[in-house]
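Content type TSV, C-alpha atoms, from the file target05.tsv:
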chain	number	residue	atom	x	y	z
A	1	MET	CA	35.04	13.78	5.06
A	2	THR	CA	34.89	9.99	4.97
A	3	ASP	CA	31.66	8.01	5.27
A	4	GLN	CA	32.55	6.94	8.81
A	5	GLU	CA	33.29	10.50	9.87
A	6	ARG	CA	30.00	11.67	8.43
A	7	ILE	CA	28.04	8.84	10.11
A	8	ALA	CA	29.67	9.69	13.43
A	9	SER	CA	28.47	13.28	13.18
A	10	VAL	CA	24.91	12.63	11.99
A	11	LYS	CA	21.88	13.20	14.22
A	12	ILE	CA	19.61	10.12	14.14
A	13	VAL	CA	16.04	10.23	15.44
A	14	TYR	CA	14.38	6.84	15.98
A	15	VAL	CA	10.58	7.27	16.09
A	16	VAL	CA	8.69	4.38	17.70
A	17	ALA	CA	4.98	3.95	18.35
A	18	LEU	CA	2.00	1.74	17.67
A	19	SER	CA	0.78	1.38	14.11
A	20	GLY	CA	-1.62	4.20	13.32
A	21	CYS	CA	-0.01	6.80	15.60
A	22	GLY	CA	1.52	8.80	12.77
A	23	LYS	CA	5.12	7.58	12.66
A	24	SER	CA	5.37	7.74	8.88
A	25	PHE	CA	3.74	11.17	8.89
A	26	THR	CA	6.25	12.33	11.52
A	27	GLY	CA	9.15	11.04	9.46
A	28	ASP	CA	7.82	12.67	6.31
A	29	TYR	CA	7.15	15.91	8.23
A	30	LEU	CA	10.76	16.00	9.43
A	31	SER	CA	11.87	15.33	5.86
A	32	VAL	CA	9.71	17.97	4.17
A	33	MET	CA	9.90	20.68	6.83
A	34	HIS	CA	13.32	20.13	8.38
A	35	GLY	CA	15.45	18.45	5.72
A	36	PHE	CA	15.84	15.04	7.41
A	37	LYS	CA	16.38	11.90	5.38
A	38	HIS	CA	13.43	9.65	6.25
A	39	VAL	CA	14.02	5.90	6.44
A	40	ASP	CA	10.62	4.20	6.60
A	41	GLY	CA	11.01	1.14	8.82
A	42	ASP	CA	8.22	-0.54	6.87
A	43	GLY	CA	10.51	-0.40	3.84
A	44	PRO	CA	11.41	-4.13	3.77
A	45	LEU	CA	7.73	-5.06	4.13
A	46	LYS	CA	6.65	-2.55	1.48
A	47	ASN	CA	9.30	-3.98	-0.83
A	48	CYS	CA	8.75	-7.66	-0.05
A	49	CYS	CA	8.67	-8.40	-3.78
A	50	ILE	CA	12.44	-8.64	-3.21
A	51	PRO	CA	13.23	-12.17	-1.92
A	52	LYS	CA	15.50	-11.05	0.93
A	53	ASN	CA	12.87	-8.63	2.19
A	54	LYS	CA	10.17	-11.27	1.88
A	55	GLU	CA	12.08	-13.64	4.13
A	56	SER	CA	12.83	-11.02	6.80
A	57	THR	CA	9.23	-9.78	6.68
A	58	PHE	CA	7.93	-13.32	7.16
A	59	GLY	CA	10.15	-13.79	10.20
A	60	PHE	CA	9.31	-10.47	11.80
A	61	CYS	CA	5.56	-10.78	11.18
A	62	THR	CA	5.58	-14.32	12.60
A	63	CYS	CA	6.98	-12.98	15.88
A	64	LEU	CA	4.66	-9.96	15.94
A	65	LEU	CA	1.42	-11.80	15.14
A	66	ASN	CA	2.19	-14.76	17.37
A	67	GLY	CA	3.51	-12.55	20.17
A	68	ALA	CA	2.58	-8.97	21.02
A	69	LEU	CA	-0.51	-8.83	18.80
A	70	ASN	CA	-1.68	-12.19	20.16
A	71	GLY	CA	-1.56	-11.03	23.76
A	72	LYS	CA	1.79	-12.65	24.57
A	73	ASP	CA	4.60	-10.87	26.38
A	74	GLU	CA	7.40	-12.35	24.28
A	75	ASP	CA	9.79	-11.38	21.49
A	76	GLY	CA	9.75	-14.58	19.48
A	77	PRO	CA	12.80	-16.52	18.21
A	78	GLU	CA	15.64	-14.04	17.71
A	79	GLU	CA	16.77	-15.57	14.42
A	80	LEU	CA	13.32	-14.77	12.98
A	81	TRP	CA	13.04	-11.09	13.97
A	82	ARG	CA	16.69	-9.95	14.02
A	83	PRO	CA	17.27	-9.84	10.20
A	84	TYR	CA	14.41	-7.35	9.76
A	85	PHE	CA	15.61	-4.93	12.42
A	86	GLU	CA	19.24	-5.15	11.36
A	87	GLU	CA	18.14	-4.29	7.83
A	88	ILE	CA	16.27	-1.11	8.79
A	89	ALA	CA	19.19	-0.04	10.99
A	90	ASN	CA	21.59	-0.61	8.08
A	91	GLN	CA	19.33	1.50	5.86
A	92	ALA	CA	19.54	4.32	8.41
A	93	ILE	CA	23.34	4.07	8.44
A	94	ASP	CA	23.42	4.20	4.63
A	95	ALA	CA	21.20	7.30	4.72
A	96	ALA	CA	23.62	8.92	7.18
A	97	LYS	CA	26.36	8.84	4.54
A	98	ASN	CA	24.49	11.46	2.54
A	99	SER	CA	22.54	13.48	5.10
A	100	ASP	CA	23.26	15.44	8.27
A	101	GLN	CA	19.96	14.39	9.85
A	102	VAL	CA	18.23	11.01	9.61
A	103	VAL	CA	14.87	9.87	10.97
A	104	LEU	CA	14.02	6.16	11.21
A	105	THR	CA	10.37	5.32	11.87
A	106	HIS	CA	8.92	1.96	12.85
A	107	ALA	CA	6.25	0.36	15.07
A	108	THR	CA	8.85	-1.53	17.09
A	109	TYR	CA	6.63	-3.20	19.68
A	110	ARG	CA	9.27	-4.98	21.75
A	111	GLN	CA	12.15	-3.47	23.71
A	112	SER	CA	14.57	-6.21	22.61
A	113	TRP	CA	13.84	-5.26	19.00
A	114	ARG	CA	14.56	-1.58	19.74
A	115	GLU	CA	17.81	-2.50	21.44
A	116	CYS	CA	18.76	-4.50	18.36
A	117	VAL	CA	18.19	-1.44	16.17
A	118	VAL	CA	20.23	1.00	18.27
A	119	THR	CA	23.01	-1.56	18.76
A	120	LYS	CA	23.27	-1.95	14.99
A	121	LEU	CA	23.32	1.84	14.58
A	122	LEU	CA	26.23	2.03	17.01
A	123	GLU	CA	28.04	-0.80	15.25
A	124	GLY	CA	27.57	1.11	12.00
A	125	GLY	CA	29.39	4.14	13.39
A	126	ALA	CA	26.64	6.30	14.90
A	127	LYS	CA	27.46	7.96	18.21
A	128	LYS	CA	25.31	7.29	21.27
A	129	GLU	CA	24.97	10.98	22.02
A	130	ASN	CA	23.57	11.60	18.52
A	131	ILE	CA	20.74	9.04	18.79
A	132	THR	CA	17.35	10.16	20.12
A	133	VAL	CA	14.36	7.86	20.63
A	134	LEU	CA	11.07	9.70	20.06
A	135	LEU	CA	8.03	7.87	21.46
A	136	LEU	CA	4.63	8.88	20.09
A	137	THR	CA	1.54	8.25	22.23
A	138	ILE	CA	-2.08	8.53	21.19
A	139	ASP	CA	-5.66	8.01	22.33
A	140	PRO	CA	-6.77	4.52	21.13
A	141	ASP	CA	-9.89	5.78	19.33
A	142	VAL	CA	-7.95	8.52	17.54
A	143	LYS	CA	-5.40	5.91	16.48
A	144	LEU	CA	-8.06	3.55	15.11
A	145	LYS	CA	-9.73	6.38	13.22
A	146	GLY	CA	-6.46	7.27	11.49
A	147	LEU	CA	-5.72	3.61	10.80
A	148	TYR	CA	-9.16	3.12	9.26
A	149	TYR	CA	-8.68	5.85	6.67
A	150	ARG	CA	-5.10	4.85	5.89
A	151	THR	CA	-5.97	1.16	5.50
A	152	LYS	CA	-8.97	2.09	3.38
A	153	GLU	CA	-6.76	4.09	1.02
A	154	GLN	CA	-4.14	1.34	0.80
A	155	LEU	CA	-6.78	-1.28	0.01
A	156	GLU	CA	-8.37	0.90	-2.66
A	157	ASN	CA	-4.93	1.35	-4.26
A	158	SER	CA	-4.83	-2.43	-4.65
A	159	GLY	CA	-8.37	-2.64	-6.08
A	160	MET	CA	-10.16	-3.75	-2.90
A	161	THR	CA	-12.52	-2.10	-0.44
A	162	MET	CA	-12.46	-2.26	3.33
A	163	THR	CA	-15.62	-4.37	3.17
A	164	ASP	CA	-13.96	-6.83	0.74
A	165	SER	CA	-11.03	-7.17	3.12
A	166	PHE	CA	-13.22	-7.76	6.17
A	167	LYS	CA	-15.36	-10.35	4.41
A	168	ALA	CA	-12.26	-12.18	3.19
A	169	GLY	CA	-11.22	-12.35	6.83
A	170	GLY	CA	-14.52	-13.90	7.90
A	171	TRP	CA	-16.64	-10.85	8.76
A	172	GLU	CA	-20.33	-11.67	8.25
A	173	GLY	CA	-21.87	-8.26	8.81
A	174	GLU	CA	-24.18	-6.51	6.38
A	175	GLY	CA	-23.52	-3.34	4.42
A	176	ASP	CA	-20.23	-1.49	4.19
A	177	VAL	CA	-17.55	-1.42	6.88
A	178	THR	CA	-17.88	2.11	8.24
A	179	LEU	CA	-15.59	3.77	10.78
A	180	PRO	CA	-17.79	2.83	13.81
A	181	ILE	CA	-17.96	-0.79	12.63
A	182	TYR	CA	-14.19	-0.87	12.04
A	183	ILE	CA	-13.45	0.43	15.54
A	184	LYS	CA	-15.92	-2.00	17.14
A	185	VAL	CA	-14.52	-5.02	15.29
A	186	MET	CA	-10.91	-4.07	16.01
A	187	LYS	CA	-11.62	-3.72	19.73
A	188	GLU	CA	-13.43	-7.05	19.84
A	189	LYS	CA	-11.07	-9.05	17.64
A	190	TYR	CA	-7.72	-7.41	18.45
A	191	PRO	CA	-8.12	-5.91	21.95
A	192	HIS	CA	-4.39	-5.94	22.75
A	193	TYR	CA	-3.65	-3.89	19.66
A	194	ALA	CA	-6.75	-1.68	19.67
A	195	LEU	CA	-6.29	-0.61	23.29
A	196	ASN	CA	-2.51	-0.01	22.97
A	197	SER	CA	-1.60	-2.73	25.51
A	198	ALA	CA	0.44	-4.68	22.96
A	199	PHE	CA	3.21	-2.06	22.93
A	200	GLU	CA	5.96	-2.75	25.46
A	201	ASP	CA	7.03	0.31	27.43
A	202	VAL	CA	10.17	2.15	26.39
A	203	PRO	CA	12.35	2.55	29.52
A	204	ASP	CA	13.00	6.09	30.72
A	205	GLY	CA	16.44	7.26	29.68
A	206	PHE	CA	16.63	4.89	26.72
A	207	TYR	CA	18.72	6.93	24.28
A	208	GLY	CA	17.23	10.23	25.32
A	209	LYS	CA	13.66	8.90	25.17
A	210	THR	CA	11.28	11.80	24.60
A	211	VAL	CA	7.49	11.43	24.59
A	212	VAL	CA	5.07	13.41	22.42
A	213	ASP	CA	1.31	12.87	22.49
A	214	VAL	CA	-0.15	13.22	19.00
A	215	SER	CA	-3.84	12.70	19.78
A	216	GLY	CA	-4.66	16.28	18.79
A	217	ARG	CA	-3.82	15.75	15.12
A	218	ASP	CA	-3.19	19.49	14.82
A	219	MET	CA	-0.40	22.05	14.97
A	220	SER	CA	0.19	21.25	18.64
A	221	CYS	CA	1.50	17.83	17.55
A	222	LEU	CA	4.01	19.35	15.12
A	223	ASP	CA	5.08	21.93	17.70
A	224	GLY	CA	5.52	19.14	20.23
A	225	ILE	CA	7.78	17.21	17.84
A	226	ASP	CA	9.81	20.35	17.09
A	227	ASN	CA	10.15	21.13	20.79
A	228	ALA	CA	11.20	17.56	21.66
A	229	LEU	CA	13.94	17.58	19.03
A	230	GLY	CA	15.17	21.16	19.51
A	231	LEU	CA	13.75	22.27	16.17
A	232	VAL	CA	11.48	25.13	17.25
A	233	GLY	CA	11.63	27.95	14.71
A	234	LYS	CA	13.77	25.91	12.33
A	235	ARG	CA	11.23	24.79	9.73
A	236	ASN	CA	12.39	25.40	6.18
A	237	ASP	CA	11.97	29.11	5.37
A	238	ALA	CA	9.46	28.46	2.60
A	239	HIS	CA	7.12	26.75	5.09
A	240	LEU	CA	7.30	29.04	8.13
A	241	THR	CA	3.88	30.61	7.56
A	242	LEU	CA	1.95	27.49	6.52
A	243	THR	CA	-1.11	26.36	8.44
A	244	PHE	CA	-1.37	22.84	9.83
A	245	GLU	CA	-3.69	21.83	6.98
A	246	GLU	CA	-1.24	23.13	4.39
A	247	ILE	CA	1.67	21.30	6.03
A	248	ARG	CA	-0.41	18.12	6.33
A	249	ASP	CA	-1.35	18.17	2.64
A	250	LYS	CA	2.27	18.64	1.57
A	251	VAL	CA	3.49	15.84	3.81
A	252	LYS	CA	0.74	13.36	2.87
A	253	VAL	CA	1.84	13.42	-0.78
A	254	VAL	CA	5.05	11.61	0.20
A	255	ASP	CA	3.24	8.77	1.96
A	256	GLN	CA	0.63	8.46	-0.79
A	257	LYS	CA	3.42	7.98	-3.33
A	258	ARG	CA	4.99	5.31	-1.13
A	259	ASP	CA	1.67	3.48	-0.77
A	260	LYS	CA	1.07	3.49	-4.52
A	261	GLU	CA	4.50	1.95	-5.09
A	262	PHE	CA	3.70	-0.61	-2.38
A	263	SER	CA	0.70	-1.69	-4.47
A	264	SER	CA	2.20	-1.37	-7.95
A	265	THR	CA	5.22	-3.60	-7.22
A	266	GLY	CA	3.00	-6.42	-5.98
A	267	SER	CA	4.47	-6.12	-2.48
A	268	GLN	CA	1.13	-5.27	-0.91
A	269	GLU	CA	-0.44	-8.48	-2.18
A	270	ILE	CA	2.59	-10.51	-1.10
A	271	SER	CA	2.50	-8.98	2.38
A	272	HIS	CA	-1.18	-9.92	2.70
A	273	GLU	CA	-0.34	-13.48	1.69
A	274	ILE	CA	2.43	-13.64	4.30
A	275	ILE	CA	0.10	-12.45	7.03
A	276	GLU	CA	-2.61	-14.89	5.94
A	277	GLU	CA	-0.15	-17.79	6.13
A	278	ILE	CA	0.97	-16.85	9.61
A	279	ALA	CA	-2.55	-16.20	10.85
A	280	GLU	CA	-3.76	-19.56	9.55
A	281	LYS	CA	-0.91	-21.35	11.27
A	282	ILE	CA	-1.64	-19.60	14.57
A	283	LYS	CA	-5.34	-20.43	14.28
A	284	GLU	CA	-4.68	-24.09	13.46
A	285	ASP	CA	-2.14	-24.43	16.25
A	286	GLY	CA	-4.75	-23.05	18.64
A	287	LYS	CA	-7.28	-25.64	17.48
A	288	GLU	CA	-4.77	-28.45	17.95
A	289	GLU	CA	-4.12	-27.31	21.52
A	290	ASP	CA	-7.86	-27.20	22.28
A	291	ASP	CA	-8.32	-30.72	20.89
A	292	ASN	CA	-5.51	-32.14	23.00
A	293	ASP	CA	-6.81	-32.55	26.56
A	294	ASP	CA	-3.43	-33.69	27.82
A	295	ASN	CA	-1.52	-30.78	26.37
A	296	ASP	CA	0.69	-29.22	29.02
A	297	ASN	CA	1.23	-26.07	26.86
A	298	ASP	CA	4.98	-26.65	26.64
A	299	VAL	CA	6.42	-25.55	23.28
A	300	ASP	CA	9.31	-27.24	21.56
A	301	VAL	CA	11.06	-24.22	20.09
A	302	VAL	CA	13.40	-26.25	17.88
A	303	ASP	CA	10.53	-28.11	16.20
A	304	ASP	CA	8.60	-24.86	15.72
A	305	LYS	CA	11.59	-23.27	13.98
A	306	LYS	CA	11.90	-26.25	11.66
A	307	GLU	CA	8.22	-26.03	10.80
A	308	LEU	CA	8.52	-22.31	10.02
A	309	GLU	CA	11.44	-23.09	7.70
A	310	MET	CA	9.33	-25.69	5.90
A	311	ILE	CA	6.48	-23.21	5.54
A	312	ALA	CA	8.86	-20.71	3.98
A	313	LYS	CA	10.11	-23.30	1.49
A	314	ARG	CA	6.55	-24.21	0.47
A	315	ARG	CA	5.56	-20.64	-0.28
A	316	SER	CA	6.37	-20.92	-3.96
A	317	SER	CA	4.04	-23.91	-4.24
A	318	LEU	CA	1.12	-21.80	-3.00
A	319	ARG	CA	0.90	-19.80	-6.24
A	320	SER	CA	-1.60	-22.06	-7.96
A	321	VAL	CA	-3.88	-22.09	-4.91
A	322	GLU	CA	-3.59	-18.31	-4.51
A	323	TYR	CA	-4.46	-17.80	-8.17
A	324	LEU	CA	-7.64	-19.85	-7.88
A	325	GLU	CA	-8.55	-18.15	-4.63
A	326	ARG	CA	-8.16	-14.70	-6.18
A	327	GLU	CA	-10.23	-15.74	-9.18
A	328	LEU	CA	-13.06	-16.89	-6.93
A	329	ARG	CA	-13.09	-13.55	-5.15
A	330	ARG	CA	-12.67	-11.49	-8.32
A	331	THR	CA	-15.56	-13.06	-10.23
A	332	ASN	CA	-17.89	-12.72	-7.21
A	333	LEU	CA	-19.74	-15.95	-8.04
A	334	ASP	CA	-23.15	-16.56	-6.48
A	335	GLY	CA	-24.58	-19.83	-5.27
A	336	ASP	CA	-21.84	-22.22	-4.33
A	337	SER	CA	-18.99	-19.67	-4.34
A	338	LYS	CA	-18.74	-19.72	-0.53
A	339	ASP	CA	-18.38	-23.49	-0.57
A	340	LYS	CA	-15.67	-23.24	-3.20
A	341	GLU	CA	-13.83	-20.63	-1.21
A	342	LYS	CA	-13.95	-22.85	1.88
A	343	ILE	CA	-12.44	-25.66	-0.16
A	344	MET	CA	-9.68	-23.37	-1.39
A	345	LYS	CA	-8.88	-22.25	2.16
A	346	ALA	CA	-8.76	-25.86	3.31
A	347	ARG	CA	-6.40	-26.76	0.47
A	348	ARG	CA	-4.24	-23.73	1.17
A	349	SER	CA	-4.05	-24.67	4.84
A	350	SER	CA	-3.14	-28.25	3.96
A	351	LEU	CA	-0.40	-27.11	1.62
A	352	ILE	CA	1.08	-24.75	4.20
A	353	ARG	CA	1.28	-27.39	6.91
A	354	THR	CA	1.86	-30.63	4.98
A	355	GLY	CA	3.25	-29.63	1.60
A	356	SER	CA	0.35	-31.28	-0.28
A	357	LEU	CA	-3.19	-30.44	-1.37

Could you rewrite the structure in this file as structure tokens?
Amino acid sequence: MTDQERIASVKIVYVVALSGCGKSFTGDYLSVMHGFKHVDGDGPLKNCCIPKNKESTFGFCTCLLNGALNGKDEDGPEELWRPYFEEIANQAIDAAKNSDQVVLTHATYRQSWRECVVTKLLEGGAKKENITVLLLTIDPDVKLKGLYYRTKEQLENSGMTMTDSFKAGGWEGEGDVTLPIYIKVMKEKYPHYALNSAFEDVPDGFYGKTVVDVSGRDMSCLDGIDNALGLVGKRNDAHLTLTFEEIRDKVKVVDQKRDKEFSSTGSQEISHEIIEEIAEKIKEDGKEEDDNDDNDNDVDVVDDKKELEMIAKRRSSLRSVEYLERELRRTNLDGDSKDKEKIMKARRSSLIRTGSL
């Protein structure tokens, strides 16, 4: 059988949902219990130590942070987000050459982005009738609870705590960032994301769209996934009698390994830097709009694209600033350390936007 013949016969499940719903867990569950090949859609981001992945991650995150997660009903410039989604679709096609069943998981917030993925799958040789879109839904508080513990673990893998991360982002609270504090801050600071409103609806009938609510975080969730995909009673023989807790513990090992690699390659730090750059630009652009009383809120898309290109080119020049910034945080200096950190942030911001310190 040729690669194209195999791809044409492979069953592909595309799992979409908000971050924190359990997409990666679902993909790993299907891998461990049902023999699927799991393609983690966060793969390019979690391997952004590779230049090509870094560029596509920067483009995608720019559109996400400036769009859906900023309360805007827009996709962003196509040339910025398309490379990322074409890449994860290509990875799914490559996986189909060596597996009869493939699951691709990603928090694809916008419908245009999802259409890009499935179109690329079709162009790669997958058959429409073999593609199923699985939409996971969840109670917002349950989602935030899961996200808290996952983020906490990822940060600790990189040598930080949740409290360190919050303070670096401007949080001025006292004590440690506990689960109740995390949920409260997320709802206040990121309401569109925290309350699930940032996720654009998946149209009914979109590639066999099937919905499974995973708020229970128990065996009912796994049974719901099996039922939606026609997999009831088909778990690998060695796992037929396992409890939910036993299945969960086996599946979590896969994701924990992936997160450790995310940290060890330096990709986690790079991804944080990318997000910081984008967030600073959004914040500064907002200030400029507030200061301009005559601003009619029109946006020159061409100029914005050029500026984003310049930001990308300057990234290598940020290393010296980033090193000093990390040293300030690492040594935990007293006294004037906050003033120094403010200076570093100002210099970083200047370098991002103007190319000079």

Non-local contacts of A:Ala107 (7 Å; only C-alpha atoms; under 4 positions in same chain excluded) as number ranges by chain: A: 16-19

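Among the candidates A:Asn157, A:Leu136, A:Ile7, A:Leu144, the one nearest to A:Ala228 when counting only C-alpha atoms is A:Leu136.
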
For A:Val117, find every residue with an atom within 8 Å (counting only C-alpha atoms), except residues of its own chain fewer than 5 positions away, and show them as JSON, numbers by chain. {"A": [85, 86, 88, 89]}

Using only C-alpha atoms, which residues sit within 10 Å of A:Phe206 once same-chain residues fewer than 3 positions away are excluded, as a ChimeraX atom specification? /A:111,114-115,118,131-134,202-203,209-210

So which one's closest to A:Val142, A:Leu30, A:Cys48, A:Ala194, A:Met219? Using only C-alpha atoms, please. A:Ala194

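Put simply, atom CA of A:Gly76 is 7.7 Å away from atom CA of A:Leu64.
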
Students should find that atom CA of A:Asp139 and atom CA of A:Val212 are spaced 12.0 Å

Contacts of A:Ala96 at 8 Å or less, counting all atoms listed in the file, minus same-chain residues fewer than 3 places along, as a PyMOL selection string? chain A and resi 6-7+10+92-93+99-102

Would you mind listing, for every residue of stretch 120-183 of chain A within 12 Å of stretch 262-267 of chain A, the two atoms forming the shortest contact and the distance between them in Å to one decimal, using all atoms listed in the file, sorted by chain and ascending residue number, as CSV?
residue,atom,partner,partner_atom,distance
A:Glu153,CA,A:Ser263,CA,10.9
A:Gln154,CA,A:Ser263,CA,7.8
A:Leu155,CA,A:Ser263,CA,8.7
A:Glu156,CA,A:Ser263,CA,9.6
A:Asn157,CA,A:Ser263,CA,6.4
A:Ser158,CA,A:Ser263,CA,5.6
A:Gly159,CA,A:Ser263,CA,9.3
A:Met160,CA,A:Ser263,CA,11.2

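What separates atom CA of A:Gln91 from atom CA of A:Leu121 is a distance of 9.6 Å.
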
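Using all atoms listed in the file for every distance, the candidate list A:Asp249, A:Asp40, A:Asp237, A:Glu284 yields A:Asp40 as the residue closest to A:Val13.
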
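Residues lying within 8 Å of (4.6, 10.4, 18.6). Counted over all atoms listed in the file, they are Val15, Val16, Ala17, Cys21, Gly22, Lys23, Thr26, Leu134, Leu135, Leu136, Thr137, Ile138, Val211, Val212, Asp213, Val214 and Ile225 of chain A.
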
Within 9 Å of A:Met33 using only C-alpha atoms, minus same-chain residues under 4 positions, as a PDB file with C-alpha atoms, in the coordinates of the input:
ATOM      1  CA  ASP A  28       7.820  12.670   6.310  1.00  0.00           C
ATOM      2  CA  TYR A  29       7.150  15.910   8.230  1.00  0.00           C
ATOM      3  CA  LYS A 234      13.770  25.910  12.330  1.00  0.00           C
ATOM      4  CA  ARG A 235      11.230  24.790   9.730  1.00  0.00           C
ATOM      5  CA  ASN A 236      12.390  25.400   6.180  1.00  0.00           C
ATOM      6  CA  ASP A 237      11.970  29.110   5.370  1.00  0.00           C
ATOM      7  CA  ALA A 238       9.460  28.460   2.600  1.00  0.00           C
ATOM      8  CA  HIS A 239       7.120  26.750   5.090  1.00  0.00           C
ATOM      9  CA  LEU A 240       7.300  29.040   8.130  1.00  0.00           C
ATOM     10  CA  ILE A 247       1.670  21.300   6.030  1.00  0.00           C
ATOM     11  CA  VAL A 251       3.490  15.840   3.810  1.00  0.00           C
TER      12      VAL A 251
END

May I have the centre and edge lengths, in Å to one decimal, of an axis-aligned box around the listed atoms of stretch 192-206 of chain A with 4 Å added to every side, as AutoDock Vina command-line options?
--center_x 4.9 --center_y 0.7 --center_z 25.2 --size_x 31.4 --size_y 21.2 --size_z 19.1
